[in-house]
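A.B. asks: Structure: coords_27.txt, compact mmCIF, C-alpha atoms and all ligand atoms.
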```
# COMPACT_ATOMS: atom_id res chain seq x y z
CA MET A 1 31.11 -15.09 -1.07
CA ALA A 2 31.46 -18.87 -0.91
CA GLY A 3 30.77 -18.92 -4.65
CA LEU A 4 33.66 -16.51 -5.18
CA GLY A 5 35.95 -18.81 -3.22
CA HIS A 6 35.91 -16.83 0.05
CA ASP A 7 34.93 -17.85 3.55
CA GLU A 8 31.19 -17.96 4.04
CA TYR A 9 31.32 -15.69 7.08
CA ARG A 10 32.49 -12.89 4.80
CA GLY A 11 29.02 -13.00 3.28
CA GLU A 12 27.52 -12.52 6.72
CA GLN A 13 29.82 -9.58 7.39
CA ILE A 14 28.82 -7.85 4.16
CA PHE A 15 25.14 -8.61 4.76
CA LYS A 16 25.41 -6.96 8.16
CA TRP A 17 27.13 -3.85 6.78
CA ILE A 18 24.47 -3.40 4.16
CA TRP A 19 21.29 -4.19 6.06
CA GLN A 20 22.13 -3.33 9.63
CA LYS A 21 24.67 -0.56 9.33
CA ASN A 22 23.37 1.05 6.14
CA VAL A 23 26.77 1.00 4.51
CA GLN A 24 26.63 0.84 0.74
CA ASP A 25 30.30 1.24 0.02
CA PHE A 26 32.71 -1.71 0.20
CA SER A 27 35.61 0.60 1.12
CA ARG A 28 33.96 1.33 4.47
CA MET A 29 33.59 -2.33 5.43
CA THR A 30 36.55 -2.22 7.74
CA ASN A 31 36.52 -5.81 9.01
CA ILE A 32 37.23 -7.05 5.49
CA SER A 33 40.77 -7.15 4.10
CA LYS A 34 41.78 -4.23 1.94
CA GLN A 35 42.53 -6.51 -0.95
CA LEU A 36 39.06 -8.04 -0.88
CA ARG A 37 37.42 -4.62 -0.54
CA GLU A 38 39.28 -3.42 -3.62
CA TYR A 39 38.30 -6.52 -5.53
CA LEU A 40 34.63 -6.11 -4.57
CA ASN A 41 34.70 -2.43 -5.49
CA SER A 42 35.98 -3.21 -8.93
CA THR A 43 33.51 -6.02 -9.61
CA HIS A 44 30.31 -5.14 -7.74
CA THR A 45 28.14 -2.18 -6.84
CA ILE A 46 25.62 -1.81 -4.04
CA LYS A 47 22.61 0.26 -4.86
CA GLY A 48 19.87 0.88 -2.33
CA LEU A 49 16.48 2.49 -2.90
CA GLU A 50 16.46 6.25 -2.81
CA SER A 51 13.29 8.11 -2.07
CA GLN A 52 12.19 10.48 -4.82
CA ARG A 53 9.65 12.26 -2.72
CA ILE A 54 8.42 12.20 0.84
CA GLN A 55 4.97 13.51 1.69
CA GLN A 56 4.04 14.10 5.25
CA GLU A 57 0.56 14.28 6.70
CA ASP A 58 2.00 15.05 10.08
CA ILE A 59 5.17 13.98 11.80
CA ASN A 60 3.66 10.53 12.42
CA ALA A 61 2.51 9.60 8.92
CA GLN A 62 4.70 9.82 5.86
CA LYS A 63 4.48 8.45 2.34
CA TYR A 64 7.63 7.60 0.38
CA LEU A 65 7.86 7.37 -3.38
CA PHE A 66 10.72 5.20 -4.64
CA ARG A 67 11.96 4.96 -8.20
CA LEU A 68 13.19 1.51 -9.09
CA GLU A 69 16.07 0.79 -11.44
CA GLN A 70 13.90 0.15 -14.48
CA GLY A 71 12.05 3.41 -13.93
CA ASP A 72 9.00 2.02 -12.15
CA TYR A 73 7.62 3.67 -9.06
CA ILE A 74 6.41 2.21 -5.79
CA GLU A 75 5.13 3.74 -2.59
CA SER A 76 5.58 2.82 1.05
CA VAL A 77 4.16 4.35 4.20
CA PHE A 78 5.68 5.05 7.62
CA ILE A 79 3.40 5.31 10.64
CA ARG A 80 4.48 6.22 14.16
CA GLU A 81 2.00 5.26 16.85
CA GLY A 82 2.94 4.93 20.53
CA LYS A 83 6.00 2.71 20.62
CA ARG A 84 5.28 1.25 17.22
CA ARG A 85 7.10 2.23 14.07
CA THR A 86 5.22 0.52 11.29
CA ILE A 87 6.28 0.40 7.68
CA CYS A 88 3.72 -0.58 5.09
CA VAL A 89 5.54 -2.14 2.14
CA SER A 90 4.67 -2.80 -1.49
CA SER A 91 5.25 -6.22 -3.01
CA GLN A 92 4.47 -5.49 -6.68
CA VAL A 93 4.53 -2.57 -9.13
CA GLY A 94 0.78 -2.12 -9.56
CA CYS A 95 -1.51 -5.08 -8.98
CA PRO A 96 -3.06 -7.43 -11.54
CA LEU A 97 -6.10 -8.28 -9.44
CA GLY A 98 -8.11 -5.14 -10.15
CA CYS A 99 -10.39 -4.94 -7.12
CA LYS A 100 -12.88 -2.25 -8.11
CA PHE A 101 -12.49 -0.12 -4.99
CA CYS A 102 -8.68 0.01 -4.84
CA ALA A 103 -6.51 2.69 -6.45
CA THR A 104 -3.58 0.31 -6.89
CA GLY A 105 -5.89 -1.90 -8.93
CA LEU A 106 -6.35 0.97 -11.41
CA LEU A 107 -2.68 0.82 -12.39
CA ASP A 108 -1.27 -1.41 -15.06
CA PHE A 109 0.50 -4.29 -13.44
CA LYS A 110 4.19 -4.02 -14.26
CA ARG A 111 6.07 -6.65 -12.32
CA ASN A 112 6.78 -8.42 -9.06
CA LEU A 113 9.31 -6.77 -6.78
CA PHE A 114 12.54 -8.55 -5.97
CA ALA A 115 13.20 -9.50 -2.34
CA HIS A 116 15.84 -6.80 -1.95
CA GLU A 117 13.44 -4.15 -3.26
CA ILE A 118 10.84 -5.19 -0.68
CA ALA A 119 13.24 -5.33 2.26
CA ASP A 120 14.99 -2.15 1.16
CA GLN A 121 11.81 -0.13 1.66
CA VAL A 122 12.18 -0.92 5.36
CA ARG A 123 15.91 -0.15 5.44
CA ALA A 124 15.61 3.10 3.51
CA ILE A 125 12.71 4.46 5.55
CA SER A 126 14.24 3.46 8.90
CA GLU A 127 17.38 5.30 7.84
CA ALA A 128 15.43 8.36 6.70
CA VAL A 129 13.47 8.67 9.94
CA GLY A 130 16.42 7.59 12.08
CA GLU A 131 14.34 5.05 13.97
CA LYS A 132 14.24 1.28 14.01
CA CYS A 133 11.19 -0.24 12.40
CA THR A 134 9.21 -2.42 14.83
CA ASN A 135 6.37 -3.67 12.60
CA VAL A 136 5.98 -4.45 8.92
CA VAL A 137 2.70 -4.84 7.08
CA PHE A 138 2.38 -5.99 3.47
CA MET A 139 -0.49 -3.65 2.76
CA GLY A 140 1.10 -1.39 0.19
CA MET A 141 0.88 -1.87 -3.55
CA GLY A 142 0.28 -5.37 -4.87
CA GLU A 143 -0.75 -8.82 -3.78
CA PRO A 144 2.08 -10.44 -1.81
CA LEU A 145 0.87 -13.98 -2.39
CA LEU A 146 1.34 -13.58 -6.13
CA ASN A 147 5.02 -13.09 -5.33
CA THR A 148 5.56 -15.64 -2.57
CA GLY A 149 9.15 -16.60 -3.43
CA GLU A 150 10.50 -13.05 -3.19
CA VAL A 151 8.23 -12.18 -0.26
CA ILE A 152 9.64 -15.10 1.73
CA LYS A 153 13.21 -14.07 0.93
CA ALA A 154 12.37 -10.51 1.97
CA LEU A 155 10.90 -11.81 5.23
CA LEU A 156 14.14 -13.66 5.92
CA ILE A 157 16.19 -10.50 5.34
CA MET A 158 13.85 -8.38 7.45
CA SER A 159 13.72 -10.78 10.38
CA SER A 160 17.39 -11.78 10.39
CA PRO A 161 19.33 -10.65 13.47
CA LEU A 162 22.10 -9.77 11.00
CA GLY A 163 19.59 -7.74 9.01
CA LEU A 164 16.72 -5.49 9.95
CA CYS A 165 15.72 -7.58 12.95
CA VAL A 166 11.94 -7.08 12.65
CA GLY A 167 10.33 -10.02 14.44
CA ARG A 168 8.16 -12.30 12.31
CA ARG A 169 5.41 -11.98 14.89
CA HIS A 170 5.46 -8.28 14.15
CA THR A 171 5.05 -8.85 10.44
CA THR A 172 1.67 -9.17 8.74
CA VAL A 173 1.09 -10.34 5.20
CA SER A 174 -2.24 -9.16 3.82
CA THR A 175 -3.89 -11.14 1.02
CA VAL A 176 -7.15 -11.26 -0.87
CA GLY A 177 -7.12 -14.98 -0.03
CA LEU A 178 -5.28 -16.73 -2.83
CA ILE A 179 -5.70 -20.45 -2.20
CA GLU A 180 -2.41 -21.50 -3.73
CA GLY A 181 -0.39 -18.80 -1.97
CA MET A 182 -2.04 -19.50 1.38
CA GLU A 183 -1.29 -23.21 1.05
CA PHE A 184 2.31 -22.37 0.25
CA PHE A 185 2.57 -20.18 3.37
CA LEU A 186 0.91 -22.82 5.52
CA LYS A 187 3.61 -25.31 4.55
CA SER A 188 6.45 -22.83 4.74
CA PRO A 189 8.64 -22.77 7.86
CA VAL A 190 8.56 -18.96 7.65
CA LYS A 191 5.70 -18.09 9.97
CA VAL A 192 4.17 -14.65 9.88
CA LYS A 193 0.76 -13.26 10.70
CA LEU A 194 -1.76 -13.57 7.94
CA ALA A 195 -4.56 -11.09 7.25
CA ILE A 196 -7.27 -11.92 4.74
CA SER A 197 -9.05 -9.04 3.03
CA ILE A 198 -12.47 -10.59 3.08
CA ASN A 199 -14.42 -7.33 2.45
CA PHE A 200 -17.63 -8.98 1.23
CA ALA A 201 -19.52 -11.79 2.91
CA ASP A 202 -21.71 -12.27 -0.12
CA GLU A 203 -20.02 -14.39 -2.79
CA GLU A 204 -21.71 -12.72 -5.79
CA MET A 205 -20.93 -9.24 -4.55
CA ARG A 206 -17.35 -10.25 -3.82
CA LYS A 207 -17.01 -11.65 -7.34
CA ASP A 208 -18.18 -8.33 -8.69
CA PHE A 209 -15.88 -6.14 -6.59
CA MET A 210 -12.99 -8.59 -6.30
CA PRO A 211 -12.88 -10.64 -9.53
CA VAL A 212 -10.22 -12.89 -8.01
CA THR A 213 -13.08 -14.55 -6.07
CA ARG A 214 -14.09 -16.36 -9.28
CA SER A 215 -11.06 -18.62 -9.05
CA ASN A 216 -10.77 -18.43 -5.25
CA PRO A 217 -14.22 -19.10 -3.82
CA LEU A 218 -15.05 -17.89 -0.31
CA ARG A 219 -15.76 -21.45 0.88
CA GLU A 220 -12.19 -22.54 0.04
CA ILE A 221 -10.63 -19.41 1.51
CA LEU A 222 -12.42 -19.99 4.80
CA GLN A 223 -11.56 -23.67 4.84
CA LEU A 224 -7.88 -22.72 4.69
CA ALA A 225 -8.39 -19.98 7.28
CA ARG A 226 -9.76 -22.67 9.57
CA VAL A 227 -6.62 -24.79 9.12
CA TYR A 228 -4.44 -21.70 9.61
CA SER A 229 -6.18 -20.71 12.82
CA LYS A 230 -5.55 -24.17 14.30
CA GLY A 231 -1.93 -23.07 14.65
CA LYS A 232 -1.04 -20.69 17.44
CA GLU A 233 -1.77 -17.61 15.42
CA MET A 234 -5.14 -15.94 15.37
CA ILE A 235 -6.09 -14.99 11.85
CA THR A 236 -7.12 -11.44 10.99
CA PHE A 237 -9.90 -10.58 8.57
CA GLU A 238 -9.97 -7.15 7.02
CA TYR A 239 -13.28 -5.68 6.03
CA VAL A 240 -13.23 -2.46 4.03
CA MET A 241 -16.56 -0.75 4.64
CA ILE A 242 -17.96 1.13 1.65
CA LYS A 243 -20.97 3.41 1.95
CA GLY A 244 -24.18 1.88 0.59
CA ILE A 245 -22.37 -1.23 -0.65
CA ASN A 246 -21.36 -3.49 2.24
CA ASP A 247 -22.11 -1.38 5.32
CA ARG A 248 -25.57 -2.59 6.30
CA ILE A 249 -26.46 -4.61 9.38
CA ARG A 250 -27.45 -7.41 7.01
CA ASP A 251 -23.85 -7.47 5.78
CA ALA A 252 -22.56 -7.66 9.35
CA MET A 253 -24.81 -10.64 10.01
CA ASN A 254 -23.63 -12.37 6.84
CA LEU A 255 -20.06 -11.82 7.94
CA ILE A 256 -20.75 -13.33 11.35
CA ARG A 257 -22.29 -16.36 9.70
CA LEU A 258 -19.35 -16.70 7.35
CA LEU A 259 -16.70 -16.56 10.07
CA LYS A 260 -18.51 -18.87 12.47
CA GLY A 261 -16.12 -21.26 14.18
CA ILE A 262 -12.94 -19.49 13.08
CA PRO A 263 -11.07 -17.85 15.97
CA SER A 264 -10.39 -14.50 14.39
CA LYS A 265 -9.90 -10.82 14.76
CA ILE A 266 -11.79 -8.46 12.46
CA ASN A 267 -10.27 -5.18 11.31
CA LEU A 268 -12.95 -2.82 10.07
CA ILE A 269 -11.39 -0.34 7.64
CA PRO A 270 -13.64 2.61 6.75
CA TYR A 271 -13.21 3.17 3.01
CA ASN A 272 -10.50 5.67 2.05
CA GLU A 273 -11.80 7.77 -0.77
CA HIS A 274 -9.74 8.37 -3.89
CA PRO A 275 -10.24 11.08 -6.53
CA ARG A 276 -10.34 8.49 -9.32
CA LEU A 277 -12.87 6.19 -7.69
CA PRO A 278 -16.58 6.72 -7.08
CA TYR A 279 -16.86 5.00 -3.69
CA GLU A 280 -17.38 6.71 -0.35
CA ALA A 281 -16.60 6.19 3.30
CA PRO A 282 -19.45 4.88 5.48
CA THR A 283 -21.22 7.24 7.86
CA GLU A 284 -19.99 7.23 11.44
CA LYS A 285 -23.41 5.92 12.49
CA ASN A 286 -23.30 2.92 10.13
CA LEU A 287 -19.72 2.18 11.08
CA ARG A 288 -20.62 2.15 14.79
CA ALA A 289 -23.73 0.00 14.25
CA PHE A 290 -21.76 -2.51 12.17
CA TYR A 291 -18.99 -2.59 14.77
CA GLU A 292 -21.38 -3.17 17.63
CA ARG A 293 -23.23 -5.91 15.80
CA LEU A 294 -19.92 -7.76 15.36
CA LEU A 295 -18.88 -7.16 18.96
CA ASN A 296 -22.13 -8.67 20.18
CA SER A 297 -21.22 -11.84 18.34
CA ARG A 298 -18.11 -12.05 20.53
CA HIS A 299 -15.64 -11.37 17.77
CA THR A 300 -12.56 -9.31 18.47
CA VAL A 301 -13.21 -6.22 16.37
CA VAL A 302 -11.05 -3.17 15.79
CA ILE A 303 -11.87 -0.11 13.72
CA ARG A 304 -8.75 0.77 11.77
CA LYS A 305 -8.87 4.29 10.56
CA SER A 306 -6.02 4.58 8.08
CA ARG A 307 -3.42 7.19 8.79
CA GLY A 308 -2.21 9.46 6.04
CA GLN A 309 -5.46 9.78 4.11
CA LYS A 310 -4.81 13.43 3.32
CA ILE A 311 -1.66 12.49 1.44
CA LEU A 312 -3.36 9.48 -0.18
CA ALA A 313 -1.27 7.12 1.92
CA GLY A 314 -4.16 5.16 3.44
CA CYS A 315 -4.96 1.54 2.58
CA GLY A 316 -5.88 1.21 -1.07
CA GLN A 317 -4.84 4.76 -1.96
CA LEU A 318 -1.33 4.03 -3.16
CA SER A 319 -0.86 4.46 -6.85
CA GLY A 320 2.88 4.98 -7.40
CA SER A 321 3.52 6.41 -10.83
CA MET A 322 0.00 7.82 -11.06
CA THR A 323 0.94 10.44 -8.49
CA GLU A 324 3.70 11.58 -10.83
CA GLN A 325 1.29 12.63 -13.57
N1 LIG A 401 -3.34 -7.03 -1.99
C1 LIG A 401 -3.40 -7.21 -0.61
C2 LIG A 401 -2.57 -6.20 0.18
C3 LIG A 401 -2.65 -4.76 -0.28
S1 LIG A 401 -4.19 -3.95 -0.09
C4 LIG A 401 -4.84 -7.20 -0.12
O1 LIG A 401 -5.71 -6.82 -0.89
O2 LIG A 401 -5.05 -7.64 1.00
C5 LIG A 401 -4.29 -3.66 1.64
C6 LIG A 401 -5.67 -3.48 2.19
O3 LIG A 401 -6.30 -2.27 1.71
C7 LIG A 401 -6.66 -4.61 1.84
O4 LIG A 401 -7.30 -5.03 3.01
C8 LIG A 401 -7.66 -3.91 0.91
O5 LIG A 401 -8.92 -4.54 0.97
C9 LIG A 401 -7.65 -2.53 1.48
N2 LIG A 401 -8.15 -1.48 0.60
C10 LIG A 401 -8.07 -1.41 -0.74
N3 LIG A 401 -8.60 -0.24 -1.18
C11 LIG A 401 -9.02 0.43 -0.08
C12 LIG A 401 -9.60 1.71 0.14
N4 LIG A 401 -9.83 2.54 -0.87
N5 LIG A 401 -9.92 2.08 1.40
C13 LIG A 401 -9.62 1.29 2.44
N6 LIG A 401 -9.01 0.08 2.31
C14 LIG A 401 -8.73 -0.34 1.05
FE1 LIG A 402 -4.57 -5.63 -5.48
FE2 LIG A 402 -5.12 -5.71 -2.84
FE3 LIG A 402 -5.76 -3.55 -4.30
FE4 LIG A 402 -7.09 -5.83 -4.68
S1 LIG A 402 -7.05 -4.59 -2.79
S2 LIG A 402 -6.31 -4.49 -6.28
S3 LIG A 402 -5.48 -7.31 -4.36
S4 LIG A 402 -3.72 -4.30 -3.89
```
Go ahead and express the file in the form of structure tokens.

C.D. replies:
Amino acid sequence: MAGLGHDEYRGEQIFKWIWQKNVQDFSRMTNISKQLREYLNSTHTIKGLESQRIQQEDINAQKYLFRLEQGDYIESVFIREGKRRTICVSSQVGCPLGCKFCATGLLDFKRNLFAHEIADQVRAISEAVGEKCTNVVFMGMGEPLLNTGEVIKALLIMSSPLGLCVGRRHTTVSTVGLIEGMEFFLKSPVKVKLAISINFADEEMRKDFMPVTRSNPLREILQLARVYSKGKEMITFEYVMIKGINDRIRDAMNLIRLLKGIPSKINLIPYNEHPRLPYEAPTEKNLRAFYERLLNSRHTVVIRKSRGQKILAGCGQLSGSMTEQ
């Protein structure tokens, strides 16, 4: 608005209408002069995301498919649990990193999302369910730290009291551990919780399943995690357990060795199966044994069973356009 020669606070007013009050029509922005509203109507349009399809596992887990302007598709997930209303957002169309076990990695990478497309997933879903979102996790499609500029802008929109008002402490960015992106976040004044998808404690195995490890070695990832955990925030490590691959006690012990000296919380995610991938969920027995081995090493450990598996809305099951075929 300042750029158009108007008072800056007009920008704030419009921002609030769009993000907080869900108004996408300048004519309804009643605290703005009629003349300005008419001018804006004739020169600008506001276009929010519209969901193409909503799939529901039960009332507490829903998957949204959004079609973007250029015809790409993304998915986002809504989860209601106790007082929490969590929205899992996508940060890219597809993902270029191609982790072998992840359905998003099967897709061609199309592009990074813009900040408004990321934040709008939260606005559109909150509006659809009629409830305020309390938590945001960047665990949908894509690697957020390959898109740090837009992710940071989206975080500012989401946390702004004029916007969606989701506290930064209630926002988690999940990454495979990109050194450059983590360094950028460490220096950035925008503080959010960081989760690192560690998944394999063995470097060679990680290179095989997560090729990004070749240019981002475990040693360097953990060195940065150490620096990160010196701040107030405890770092989270995600470990996707896959049957017969990384679910043995030996793997648990390797993980303990790897994370030694880093105050951390470990999220164990039993593998979510996908029709196009050959991997399987661990047995309940192996999951328990792994969990207990970690607990005995005094780590904070949580088993995170993904919600929405039946509608392929669990971690690593999102595949946007693929579901259209
Ligand atoms: N690219 C980021 C964020 C999106 S993936 C990242 O990888 O961290 C979100 C989480 O889903 C990651 O922890 C990833 O390891 C996990 N994941 C991927 N495929 C999975 C699957 N099939 N079952 C369970 N978790 C999976
Ligand atoms: Fe991309 Fe994350 Fe899936 Fe790997 S696990 S392919 S980084 S979305």

A.B. asks: At a cut-off of 9 Å, using all atoms listed in the file, what residues contact range 220-234 of chain A? Leave out same-chain residues fewer than 2 positions from it and give the result as a ChimeraX atom specification.

C.D. replies: /A:177-179,182-183,186,192-194,196,216-218,236,258-259,261-265

A.B. asks: As AutoDock Vina command-line options, please: the centre and edge lengths in Å, to one decimal, of an axis-aligned box enclosing every listed atom of range 286-304 of chain A with 8 Å added on each side.

C.D. replies:
```
--center_x -16.2 --center_y -4.6 --center_z 15.3 --size_x 31.0 --size_y 31.0 --size_z 26.4
```

A.B. asks: With distances taken over only C-alpha atoms and all ligand atoms, which of A:Ser27, A:Thr172, A:Ser160, A:Gln13 is nearest to ligand LIG 401 (chain A)?

C.D. replies: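 Of A:Ser27, A:Thr172, A:Ser160, A:Gln13, the one nearest ligand LIG 401 (chain A) is A:Thr172, counting only C-alpha atoms and all ligand atoms.
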
A.B. asks: Mind listing the residues within 6 Å of ligand LIG 402 (chain A), all atoms listed in the file counted, as a list in words?

C.D. replies: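 Answer in the requested format: Cys95, Leu97, Gly98, Cys99, Cys102, Thr104, Gly105, Met141, Gly142, Glu143, Val176 and Gly316 of chain A.
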
A.B. asks: Can you list, as a ChimeraX atom specification, every protein, DNA or RNA residue that comes within 12 Å of Ala154 in chain A when you count all atoms listed in the file, leaving out same-chain residues fewer than 3 positions away?

C.D. replies: /A:19,89-91,113-123,136,138,144,147-151,157-160,163-166,168,171,173,190

A.B. asks: Do you know which residues are at most 12 Å from Glu38 in chain A counting only C-alpha atoms, after dropping those on the same chain fewer than 6 positions away, and could you put them as a ChimeraX atom specification?

C.D. replies: /A:25-30,32,44-45

A.B. asks: Point out the residue among A:Tyr73, A:Phe237, A:Phe290, A:Tyr64 with the least atom-to-atom distance to ligand LIG 401 (chain A), counting all atoms listed in the file.

C.D. replies: A:Phe237

A.B. asks: Using all atoms listed in the file, which of the listed residues (A:Ile266, A:Pro96, A:Arg288, A:Tyr279) sits closest to Met210 in chain A?

C.D. replies: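 With all atoms listed in the file as the atom set, the closest residue is A:Pro96.
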
A.B. asks: I need the residue nearest ligand LIG 401 (chain A) from this list: A:Leu294, A:Val240, A:Val301, A:Leu107. Use all atoms listed in the file for the distance.

C.D. replies: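 Among the listed residues, A:Val240 lies closest to ligand LIG 401 (chain A).
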
A.B. asks: For CA of Leu287 in chain A and CA of Val137 in chain A, quote the distance in Å rounded to one decimal.

C.D. replies: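 These atoms are spaced 23.8 Å apart.
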
A.B. asks: Would you mind reading off the distance between atom C8 of ligand LIG 401 (chain A) and CA of Ser197 in chain A, one decimal, in Å?

C.D. replies: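 Between these atoms lies a distance of 5.7 Å.
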
A.B. asks: At a cut-off of 10 Å, using all atoms listed in the file, what residues contact Arg214 in chain A? Leave out same-chain residues fewer than 6 positions from it and give the result as a ChimeraX atom specification.

C.D. replies: /A:203-204,206-208

A.B. asks: Residues around (10.3, 2.2, 5.8), cut-off 7 Å, counting all atoms listed in the file - what are they as JSON, numbers by chain?

C.D. replies: {"A": [76, 77, 78, 87, 121, 122, 123, 124, 125, 126]}
